[in-house]
file work13.txt (compact mmCIF, C-alpha atoms)
# COMPACT_ATOMS: atom_id res chain seq x y z
CA MET A 1 0.00 0.00 0.00
CA ALA A 2 1.44 3.36 -1.07
CA ALA A 3 2.58 5.63 1.79
CA ARG A 4 0.53 8.76 2.36
CA THR A 5 2.02 11.97 3.73
CA LEU A 6 0.02 14.98 4.83
CA THR A 7 2.03 18.19 4.48
CA ILE A 8 0.92 21.39 6.20
CA ASP A 9 2.36 24.86 5.62
CA ALA A 10 0.95 27.24 8.25
CA GLY A 11 1.49 30.83 7.13
CA ASN A 12 0.30 34.20 8.36
CA THR A 13 -2.41 34.52 5.71
CA ALA A 14 -3.36 30.93 4.93
CA VAL A 15 -2.69 27.34 5.92
CA SER A 16 -1.98 25.05 2.96
CA PHE A 17 -2.54 21.30 3.08
CA GLY A 18 -1.11 18.82 0.60
CA LEU A 19 -1.83 15.09 0.72
CA PHE A 20 0.77 13.03 -1.13
CA GLU A 21 0.60 9.40 -2.13
CA LYS A 22 4.27 8.55 -2.59
CA LYS A 23 5.42 11.50 -4.72
CA LYS A 24 2.03 12.38 -6.21
CA LEU A 25 0.01 15.27 -4.81
CA ILE A 26 -3.51 13.82 -4.67
CA ARG A 27 -5.30 16.55 -2.74
CA GLU A 28 -4.62 20.18 -1.91
CA LEU A 29 -6.57 22.54 0.33
CA ARG A 30 -6.02 26.09 1.52
CA VAL A 31 -7.85 27.71 4.43
CA PRO A 32 -7.50 31.19 5.99
CA THR A 33 -5.28 31.44 9.05
CA ALA A 34 -7.68 33.91 10.65
CA GLY A 35 -10.46 31.90 12.29
CA PHE A 36 -8.63 28.69 11.35
CA LYS A 37 -10.63 25.48 11.12
CA PHE A 38 -9.05 22.15 10.21
CA PRO A 39 -10.46 21.13 6.80
CA PRO A 40 -12.35 17.88 6.10
CA LEU A 41 -9.31 15.64 5.72
CA ASN A 42 -9.78 12.13 7.00
CA GLY A 43 -8.78 8.65 5.91
CA ARG A 44 -5.39 7.02 6.07
CA VAL A 45 -2.32 9.16 6.63
CA ASP A 46 1.08 7.68 7.52
CA GLN A 47 3.04 10.86 8.32
CA VAL A 48 2.23 14.50 9.05
CA ILE A 49 4.96 17.04 8.31
CA ILE A 50 4.41 20.69 9.28
CA SER A 51 6.18 23.97 8.72
CA SER A 52 4.67 26.79 10.73
CA VAL A 53 5.38 30.47 11.26
CA VAL A 54 2.26 30.81 13.43
CA PRO A 55 3.18 29.42 16.88
CA GLY A 56 -0.37 29.91 18.15
CA LEU A 57 -1.64 27.28 15.70
CA ASN A 58 0.89 24.58 16.50
CA ARG A 59 -0.95 22.99 19.42
CA ARG A 60 -4.19 22.84 17.45
CA LEU A 61 -2.47 21.30 14.44
CA ALA A 62 -0.77 18.69 16.63
CA GLY A 63 -4.04 17.91 18.38
CA GLU A 64 -5.95 17.45 15.14
CA ALA A 65 -3.21 15.22 13.70
CA HIS A 66 -3.46 12.99 16.74
CA ARG A 67 -7.27 13.00 16.86
CA ARG A 68 -7.84 12.32 13.17
CA PHE A 69 -4.89 10.12 12.26
CA GLY A 70 -3.41 8.92 15.55
CA LEU A 71 -0.09 10.52 14.63
CA LYS A 72 2.41 12.86 16.25
CA PRO A 73 3.34 15.41 13.57
CA HIS A 74 6.89 16.40 12.74
CA PHE A 75 7.40 20.17 13.00
CA VAL A 76 10.28 21.39 10.83
CA ASP A 77 12.79 23.92 12.14
CA TRP A 78 16.46 24.78 11.67
CA ARG A 79 17.59 22.09 14.13
CA ASN A 80 16.02 19.14 12.34
CA ILE A 81 15.81 20.07 8.66
CA PRO A 82 17.80 17.51 6.64
CA VAL A 83 20.37 18.31 3.94
CA ILE A 84 20.38 22.08 4.55
CA ALA A 85 23.12 23.67 6.69
CA VAL A 86 21.89 26.95 8.13
CA LYS A 87 24.73 29.48 8.01
CA LEU A 88 23.26 32.22 10.21
CA LYS A 89 24.34 33.77 13.50
CA ARG A 90 20.83 33.27 14.95
CA PRO A 91 19.34 30.36 12.97
CA GLY A 92 16.28 30.17 15.19
CA GLU A 93 15.01 33.42 13.68
CA VAL A 94 14.53 32.05 10.16
CA GLY A 95 11.03 30.84 9.27
CA ALA A 96 10.61 27.12 8.74
CA ASP A 97 8.90 27.73 5.39
CA ARG A 98 11.99 29.51 4.07
CA LEU A 99 14.19 26.56 5.00
CA VAL A 100 11.75 24.11 3.45
CA ASP A 101 11.77 26.16 0.23
CA ALA A 102 15.58 26.10 0.26
CA LEU A 103 15.61 22.33 0.68
CA ALA A 104 13.07 21.83 -2.11
CA ALA A 105 14.96 24.11 -4.48
CA HIS A 106 18.25 22.37 -3.70
CA LYS A 107 16.90 18.83 -4.10
CA LEU A 108 14.60 19.43 -7.07
CA TYR A 109 16.50 22.00 -9.11
CA GLY A 110 20.08 22.12 -7.80
CA GLY A 111 22.10 25.10 -6.74
CA PRO A 112 23.18 27.72 -6.21
CA ALA A 113 19.65 29.08 -6.17
CA ILE A 114 17.65 32.13 -5.18
CA ILE A 115 14.11 31.42 -4.06
CA VAL A 116 11.54 34.22 -4.27
CA ASP A 117 8.36 33.51 -2.31
CA PHE A 118 5.40 35.82 -2.95
CA GLY A 119 3.52 35.34 0.32
CA THR A 120 2.36 37.69 3.08
CA ALA A 121 5.95 38.91 2.83
CA THR A 122 8.01 38.72 -0.34
CA THR A 123 11.12 36.81 0.67
CA PHE A 124 14.39 36.12 -1.09
CA ASP A 125 16.46 33.15 0.10
CA VAL A 126 19.84 31.87 -1.04
CA VAL A 127 21.06 28.27 -1.01
CA THR A 128 24.44 27.18 -2.33
CA ALA A 129 25.25 24.17 -4.50
CA ARG A 130 26.39 22.42 -1.31
CA GLY A 131 23.05 22.96 0.40
CA GLU A 132 24.13 25.85 2.62
CA TYR A 133 21.37 28.31 3.50
CA LEU A 134 23.06 31.72 3.47
CA GLY A 135 20.11 33.94 4.40
CA GLY A 136 18.19 36.39 2.30
CA ALA A 137 15.91 39.41 2.38
CA ILE A 138 12.35 40.20 3.45
CA SER A 139 10.09 42.88 2.03
CA PRO A 140 6.35 43.56 2.43
CA GLY A 141 4.17 41.29 0.32
CA LEU A 142 2.29 42.71 -2.63
CA LEU A 143 -1.14 42.30 -1.01
CA LEU A 144 0.17 43.80 2.22
CA ALA A 145 1.36 46.83 0.25
CA ARG A 146 -2.00 47.03 -1.55
CA ASP A 147 -3.91 46.99 1.73
CA ALA A 148 -1.59 49.57 3.31
CA LEU A 149 -2.21 51.99 0.43
CA HIS A 150 -5.95 51.74 1.02
CA GLU A 151 -5.92 51.74 4.83
CA ARG A 152 -3.35 54.50 5.35
CA THR A 153 -4.66 57.00 2.81
CA ALA A 154 -7.91 58.93 2.56
CA LYS A 155 -8.68 58.52 -1.13
CA LEU A 156 -6.95 55.40 -2.49
CA PRO A 157 -9.36 52.47 -3.00
CA ARG A 158 -8.78 48.80 -2.23
CA ILE A 159 -8.14 47.34 -5.67
CA GLU A 160 -7.83 43.99 -7.39
CA VAL A 161 -4.18 43.35 -8.15
CA LYS A 162 -3.58 42.94 -11.87
CA ALA A 163 -1.41 44.59 -14.48
CA PRO A 164 -2.67 47.85 -16.05
CA PRO A 165 -2.54 48.45 -19.81
CA SER A 166 0.52 50.66 -19.42
CA VAL A 167 3.15 51.46 -16.82
CA ILE A 168 1.81 55.02 -17.01
CA GLY A 169 -1.57 54.79 -15.30
CA LYS A 170 -4.35 56.97 -16.73
CA ASP A 171 -6.39 57.02 -13.52
CA THR A 172 -5.92 56.23 -9.83
CA VAL A 173 -6.66 52.52 -10.10
CA GLU A 174 -4.33 52.07 -13.08
CA ALA A 175 -1.62 54.06 -11.31
CA MET A 176 -1.93 51.86 -8.22
CA ARG A 177 -1.85 48.69 -10.30
CA SER A 178 1.24 49.93 -12.12
CA GLY A 179 3.04 50.74 -8.90
CA LEU A 180 2.16 47.40 -7.36
CA VAL A 181 2.70 45.02 -10.27
CA PHE A 182 5.53 46.72 -12.15
CA GLY A 183 6.99 48.03 -8.91
CA TYR A 184 7.29 44.49 -7.59
CA VAL A 185 8.74 43.32 -10.90
CA ALA A 186 11.43 45.99 -10.48
CA LEU A 187 11.93 44.95 -6.85
CA VAL A 188 12.45 41.33 -7.88
CA GLU A 189 14.81 42.19 -10.72
CA GLY A 190 16.82 44.59 -8.59
CA MET A 191 17.12 42.28 -5.60
CA ILE A 192 18.05 39.27 -7.70
CA GLY A 193 20.72 41.30 -9.48
CA ARG A 194 22.21 42.41 -6.18
CA ILE A 195 22.07 38.91 -4.68
CA LYS A 196 23.64 37.33 -7.76
CA SER A 197 26.55 39.74 -7.49
CA LYS A 198 27.30 38.25 -4.06
CA VAL A 199 27.31 34.65 -5.24
CA LYS A 200 28.90 35.17 -8.65
CA SER A 201 32.04 33.31 -7.59
CA GLN A 202 30.05 30.08 -7.71
CA LYS A 203 30.93 27.97 -10.75
CA SER A 204 27.35 27.01 -11.59
CA LYS A 205 24.66 29.33 -12.93
CA VAL A 206 22.48 30.74 -10.18
CA LYS A 207 18.93 29.47 -10.67
CA VAL A 208 16.03 31.73 -9.72
CA ILE A 209 12.94 29.91 -8.48
CA ALA A 210 9.66 31.66 -7.73
CA THR A 211 6.81 30.36 -5.61
CA GLY A 212 3.74 31.72 -3.84
CA GLY A 213 0.29 32.73 -4.99
CA LEU A 214 1.31 35.82 -6.98
CA ALA A 215 4.43 34.34 -8.60
CA LYS A 216 2.79 33.79 -11.99
CA LEU A 217 1.45 37.35 -12.14
CA ILE A 218 4.78 39.02 -11.34
CA CYS A 219 6.94 36.60 -13.33
CA LYS A 220 4.85 37.20 -16.45
CA TYR A 221 6.61 40.57 -16.76
CA THR A 222 10.21 39.53 -16.20
CA SER A 223 12.63 37.03 -17.72
CA ILE A 224 14.89 36.92 -14.67
CA VAL A 225 13.03 33.96 -13.09
CA ASP A 226 14.00 30.51 -14.38
CA ILE A 227 11.39 28.33 -12.68
CA ILE A 228 7.91 28.93 -11.23
CA ASP A 229 6.81 26.25 -8.77
CA ASP A 230 3.76 27.22 -6.71
CA LYS A 231 3.90 23.87 -4.86
CA LEU A 232 7.52 24.29 -3.76
CA THR A 233 6.87 24.35 0.00
CA LEU A 234 4.53 21.35 -0.03
CA LYS A 235 7.00 19.43 -2.18
CA GLY A 236 9.77 20.31 0.25
CA LEU A 237 7.74 19.00 3.18
CA ARG A 238 7.13 15.75 1.32
CA LEU A 239 10.84 15.44 0.62
CA ILE A 240 11.51 15.83 4.34
CA SER A 241 9.16 12.92 5.06
CA GLU A 242 11.20 10.84 2.63
CA LEU A 243 14.58 11.94 3.99
CA ARG A 244 13.58 11.17 7.60
CA LYS A 245 13.14 7.45 6.85

call {"tool": "encode", "arguments": {"input": "work13.txt", "output": "structure tokens"}}
result
Amino acid sequence: MAARTLTIDAGNTAVSFGLFEKKKLIRELRVPTAGFKFPPLNGRVDQVIISSVVPGLNRRLAGEAHRRFGLKPHFVDWRNIPVIAVKLKRPGEVGADRLVDALAAHKLYGGPAIIVDFGTATTFDVVTARGEYLGGAISPGLLLARDALHERTAKLPRIEVKAPPSVIGKDTVEAMRSGLVFGYVALVEGMIGRIKSKVKSQKSKVKVIATGGLAKLICKYTSIVDIIDDKLTLKGLRLISELRK
């Protein structure tokens, strides 16, 4: 009987669930973190692997794993992540999801690599060809920036994020869309250029891997990204279940 692994990525905006049968993702669910309720996932599960940046959810996730599947989940952090060597002065500060992304990028696509994750924050993470996590950068996420423009100003509306017809907006909504979409394209291109200049001594080409819900939108307007993988974190968690055996 094929092994089944439930992967859970608990983020600040949403909690993503991926059920794998061997290497195949057979079910995926995403629920809001605010007012979190465990989704209708039952049936056989052999392992539960969790990355969480929301400590307040951890006890509930562990309790549900035990109640539904009779399992003690494995919570990933810098002390137990396989393959990846965390080269930071204070490794406990780095989010588990960022380390899982680094592991997935390293194992699936090789290194050196820069991972750009378009989540609540837009993060940039660097992993070497040897699997060393060097650190990265954190900036406000695109939706966070969108909401701040609306909430902290008197006249700017809350808009749907999509590209305008031109970088030169002809009204307020178009101008906001230009600043958000093309502004984040410029952010990604600029940050990747600066990061690459710090790892240019590596012999291999630096791969750029994008993930997160808005990756496809932003990457549509730049050629600097080599790979888009919106399942990168869930795949990384599954890999951890395999590497722990």

call {"tool": "atom_distance", "arguments": {"input": "work13.txt", "atom1": "atom CA of Asp97 of chain A", "atom2": "atom CA of Ala163 of chain A"}}
result
28.0 Å

call {"tool": "closest_atom_pairs", "arguments": {"input": "work13.txt", "of": "segment 185-222 of chain A", "to": "segment 128-141 of chain A", "cutoff": "9 Å", "atoms": "all atoms listed in the file", "output": "tab-separated table"}}
result
residue	atom	partner	partner_atom	distance
A:Met191	CA	A:Ala137	CA	8.6
A:Ile195	CA	A:Gly136	CA	8.4
A:Val199	CA	A:Thr128	CA	8.5
A:Gln202	CA	A:Ala129	CA	8.3
A:Ser204	CA	A:Ala129	CA	7.9
A:Val206	CA	A:Thr128	CA	8.8

call {"tool": "atom_distance", "arguments": {"input": "work13.txt", "atom1": "atom CA of Trp78 of chain A", "atom2": "atom CA of Val53 of chain A"}}
result
12.5 Å

call {"tool": "closest_residue", "arguments": {"input": "work13.txt", "among": "A:Thr172, A:Thr233, A:Thr123, A:Ser241", "to": "Val100 of chain A", "atoms": "all atoms listed in the file"}}
result
A:Thr233

call {"tool": "closest_residue", "arguments": {"input": "work13.txt", "among": "A:Val76, A:Leu19, A:Ala215, A:Ile159", "to": "Val45 of chain A", "atoms": "all atoms listed in the file"}}
result
A:Leu19

call {"tool": "closest_residue", "arguments": {"input": "work13.txt", "among": "A:Arg238, A:His66, A:Arg146, A:Lys216", "to": "Val116 of chain A", "atoms": "only C-alpha atoms"}}
result
A:Lys216

call {"tool": "atom_distance", "arguments": {"input": "work13.txt", "atom1": "atom CA of Pro40 of chain A", "atom2": "atom CA of Arg68 of chain A"}}
result
10.1 Å

call {"tool": "residues_around", "arguments": {"input": "work13.txt", "residues": "Asp101 of chain A", "least_positions_apart": "2", "cutoff": "7 Å", "atoms": "only C-alpha atoms", "output": "ChimeraX atom specification"}}
result
/A:97-99,103-105,232-233,236

call {"tool": "closest_atom_pairs", "arguments": {"input": "work13.txt", "of": "segment 51-131 of chain A", "to": "segment 4-15 of chain A", "cutoff": "9 Å", "atoms": "all atoms listed in the file", "output": "Markdown table"}}
result
| residue | atom | partner | partner_atom | distance |
| --- | --- | --- | --- | --- |
| A:Ser51 | CA | A:Asp9 | CA | 5.0 |
| A:Ser52 | CA | A:Ala10 | CA | 4.5 |
| A:Val53 | CA | A:Gly11 | CA | 5.7 |
| A:Val54 | CA | A:Gly11 | CA | 6.3 |
| A:Leu57 | CA | A:Ala10 | CA | 7.9 |
| A:Asn58 | CA | A:Ala10 | CA | 8.7 |
| A:Leu61 | CA | A:Ile8 | CA | 8.9 |
| A:Asp97 | CA | A:Asp9 | CA | 7.1 |
| A:Gly119 | CA | A:Thr13 | CA | 8.1 |
| A:Thr120 | CA | A:Thr13 | CA | 6.3 |

call {"tool": "closest_residue", "arguments": {"input": "work13.txt", "among": "A:Lys24, A:Phe17, A:Ile50, A:Asp229", "to": "Ala2 of chain A", "atoms": "all atoms listed in the file"}}
result
A:Lys24

call {"tool": "residues_near_point", "arguments": {"input": "work13.txt", "point": "(15.4, 27.4, 14.8)", "cutoff": "9 Å", "atoms": "all atoms listed in the file", "output": "ChimeraX atom specification"}}
result
/A:76-80,90-96

call {"tool": "residues_near_point", "arguments": {"input": "work13.txt", "point": "(18.7, 30.3, -16.8)", "cutoff": "12 Å", "atoms": "only C-alpha atoms", "output": "mmCIF file with C-alpha atoms, in the coordinates of the input"}}
result
data_model
loop_
_atom_site.group_PDB
_atom_site.id
_atom_site.type_symbol
_atom_site.label_atom_id
_atom_site.label_comp_id
_atom_site.auth_asym_id
_atom_site.auth_seq_id
_atom_site.Cartn_x
_atom_site.Cartn_y
_atom_site.Cartn_z
ATOM 1 C CA TYR A 109 16.500 22.000 -9.110
ATOM 2 C CA GLY A 111 22.100 25.100 -6.740
ATOM 3 C CA PRO A 112 23.180 27.720 -6.210
ATOM 4 C CA ALA A 113 19.650 29.080 -6.170
ATOM 5 C CA ILE A 114 17.650 32.130 -5.180
ATOM 6 C CA SER A 204 27.350 27.010 -11.590
ATOM 7 C CA LYS A 205 24.660 29.330 -12.930
ATOM 8 C CA VAL A 206 22.480 30.740 -10.180
ATOM 9 C CA LYS A 207 18.930 29.470 -10.670
ATOM 10 C CA VAL A 208 16.030 31.730 -9.720
ATOM 11 C CA ILE A 209 12.940 29.910 -8.480
ATOM 12 C CA SER A 223 12.630 37.030 -17.720
ATOM 13 C CA ILE A 224 14.890 36.920 -14.670
ATOM 14 C CA VAL A 225 13.030 33.960 -13.090
ATOM 15 C CA ASP A 226 14.000 30.510 -14.380
ATOM 16 C CA ILE A 227 11.390 28.330 -12.680
#

call {"tool": "closest_residue", "arguments": {"input": "work13.txt", "among": "A:Leu71, A:Leu144, A:Lys196, A:Gly169", "to": "Val127 of chain A", "atoms": "only C-alpha atoms"}}
result
A:Lys196

call {"tool": "closest_residue", "arguments": {"input": "work13.txt", "among": "A:Ala62, A:Leu25, A:Val185, A:Ala3", "to": "Thr122 of chain A", "atoms": "all atoms listed in the file"}}
result
A:Val185

call {"tool": "residues_around", "arguments": {"input": "work13.txt", "residues": "Glu160 of chain A", "least_positions_apart": "5", "cutoff": "10 Å", "atoms": "only C-alpha atoms", "output": "list in words"}}
result
Leu143, Arg146, Val173, Met176 and Arg177 of chain A

call {"tool": "decode", "arguments": {"input": "work13.txt", "residues": "segment 148-177 of chain A", "atoms": "N, CA and C atoms", "output": "compact mmCIF listing (two decimals), in the first residue's frame"}}
result
# COMPACT_ATOMS: atom_id res chain seq x y z
N ALA A 148 -2.13 48.40 2.62
CA ALA A 148 -1.59 49.57 3.31
C ALA A 148 -1.93 50.86 2.55
N LEU A 149 -1.86 50.81 1.22
CA LEU A 149 -2.21 51.99 0.43
C LEU A 149 -3.66 52.41 0.69
N HIS A 150 -4.53 51.43 0.79
CA HIS A 150 -5.95 51.74 1.02
C HIS A 150 -6.20 52.20 2.45
N GLU A 151 -5.61 51.48 3.42
CA GLU A 151 -5.92 51.74 4.83
C GLU A 151 -5.24 52.99 5.38
N ARG A 152 -4.12 53.38 4.80
CA ARG A 152 -3.35 54.50 5.35
C ARG A 152 -3.50 55.78 4.55
N THR A 153 -4.41 55.78 3.59
CA THR A 153 -4.66 57.00 2.81
C THR A 153 -6.16 57.29 2.82
N ALA A 154 -6.50 58.52 2.52
CA ALA A 154 -7.91 58.93 2.56
C ALA A 154 -8.66 58.61 1.28
N LYS A 155 -7.96 58.58 0.15
CA LYS A 155 -8.68 58.52 -1.13
C LYS A 155 -8.34 57.31 -1.99
N LEU A 156 -7.32 56.52 -1.63
CA LEU A 156 -6.95 55.40 -2.49
C LEU A 156 -7.84 54.19 -2.18
N PRO A 157 -8.45 53.60 -3.21
CA PRO A 157 -9.36 52.47 -3.00
C PRO A 157 -8.61 51.16 -2.79
N ARG A 158 -9.33 50.16 -2.31
CA ARG A 158 -8.78 48.80 -2.23
C ARG A 158 -9.05 48.14 -3.58
N ILE A 159 -8.00 47.78 -4.28
CA ILE A 159 -8.14 47.34 -5.67
C ILE A 159 -7.82 45.86 -5.84
N GLU A 160 -8.27 45.32 -6.96
CA GLU A 160 -7.83 43.99 -7.39
C GLU A 160 -6.44 44.16 -8.00
N VAL A 161 -5.55 43.26 -7.64
CA VAL A 161 -4.18 43.35 -8.15
C VAL A 161 -4.10 42.67 -9.52
N LYS A 162 -3.85 43.45 -10.53
CA LYS A 162 -3.58 42.94 -11.87
C LYS A 162 -2.83 44.01 -12.64
N ALA A 163 -2.21 43.63 -13.72
CA ALA A 163 -1.41 44.59 -14.48
C ALA A 163 -2.30 45.58 -15.23
N PRO A 164 -1.93 46.86 -15.26
CA PRO A 164 -2.67 47.85 -16.05
C PRO A 164 -2.23 47.77 -17.51
N PRO A 165 -2.93 48.47 -18.39
CA PRO A 165 -2.54 48.45 -19.81
C PRO A 165 -1.15 49.04 -20.06
N SER A 166 -0.76 49.98 -19.22
CA SER A 166 0.52 50.66 -19.42
C SER A 166 1.15 50.95 -18.07
N VAL A 167 2.46 51.08 -18.06
CA VAL A 167 3.15 51.46 -16.82
C VAL A 167 2.75 52.86 -16.39
N ILE A 168 2.28 53.67 -17.34
CA ILE A 168 1.81 55.02 -17.01
C ILE A 168 0.30 54.95 -16.83
N GLY A 169 -0.15 54.91 -15.58
CA GLY A 169 -1.57 54.79 -15.30
C GLY A 169 -2.33 56.04 -15.69
N LYS A 170 -3.53 55.85 -16.27
CA LYS A 170 -4.35 56.97 -16.73
C LYS A 170 -5.41 57.39 -15.71
N ASP A 171 -5.52 56.64 -14.62
CA ASP A 171 -6.39 57.02 -13.52
C ASP A 171 -5.81 56.44 -12.25
N THR A 172 -6.48 56.65 -11.12
CA THR A 172 -5.92 56.23 -9.83
C THR A 172 -5.74 54.73 -9.75
N VAL A 173 -6.75 53.98 -10.19
CA VAL A 173 -6.66 52.52 -10.10
C VAL A 173 -5.53 52.00 -10.98
N GLU A 174 -5.42 52.49 -12.20
CA GLU A 174 -4.33 52.07 -13.08
C GLU A 174 -2.98 52.44 -12.50
N ALA A 175 -2.89 53.63 -11.91
CA ALA A 175 -1.62 54.06 -11.31
C ALA A 175 -1.24 53.15 -10.15
N MET A 176 -2.21 52.77 -9.33
CA MET A 176 -1.93 51.86 -8.22
C MET A 176 -1.51 50.48 -8.74
N ARG A 177 -2.20 50.00 -9.74
CA ARG A 177 -1.85 48.69 -10.30
C ARG A 177 -0.45 48.71 -10.91
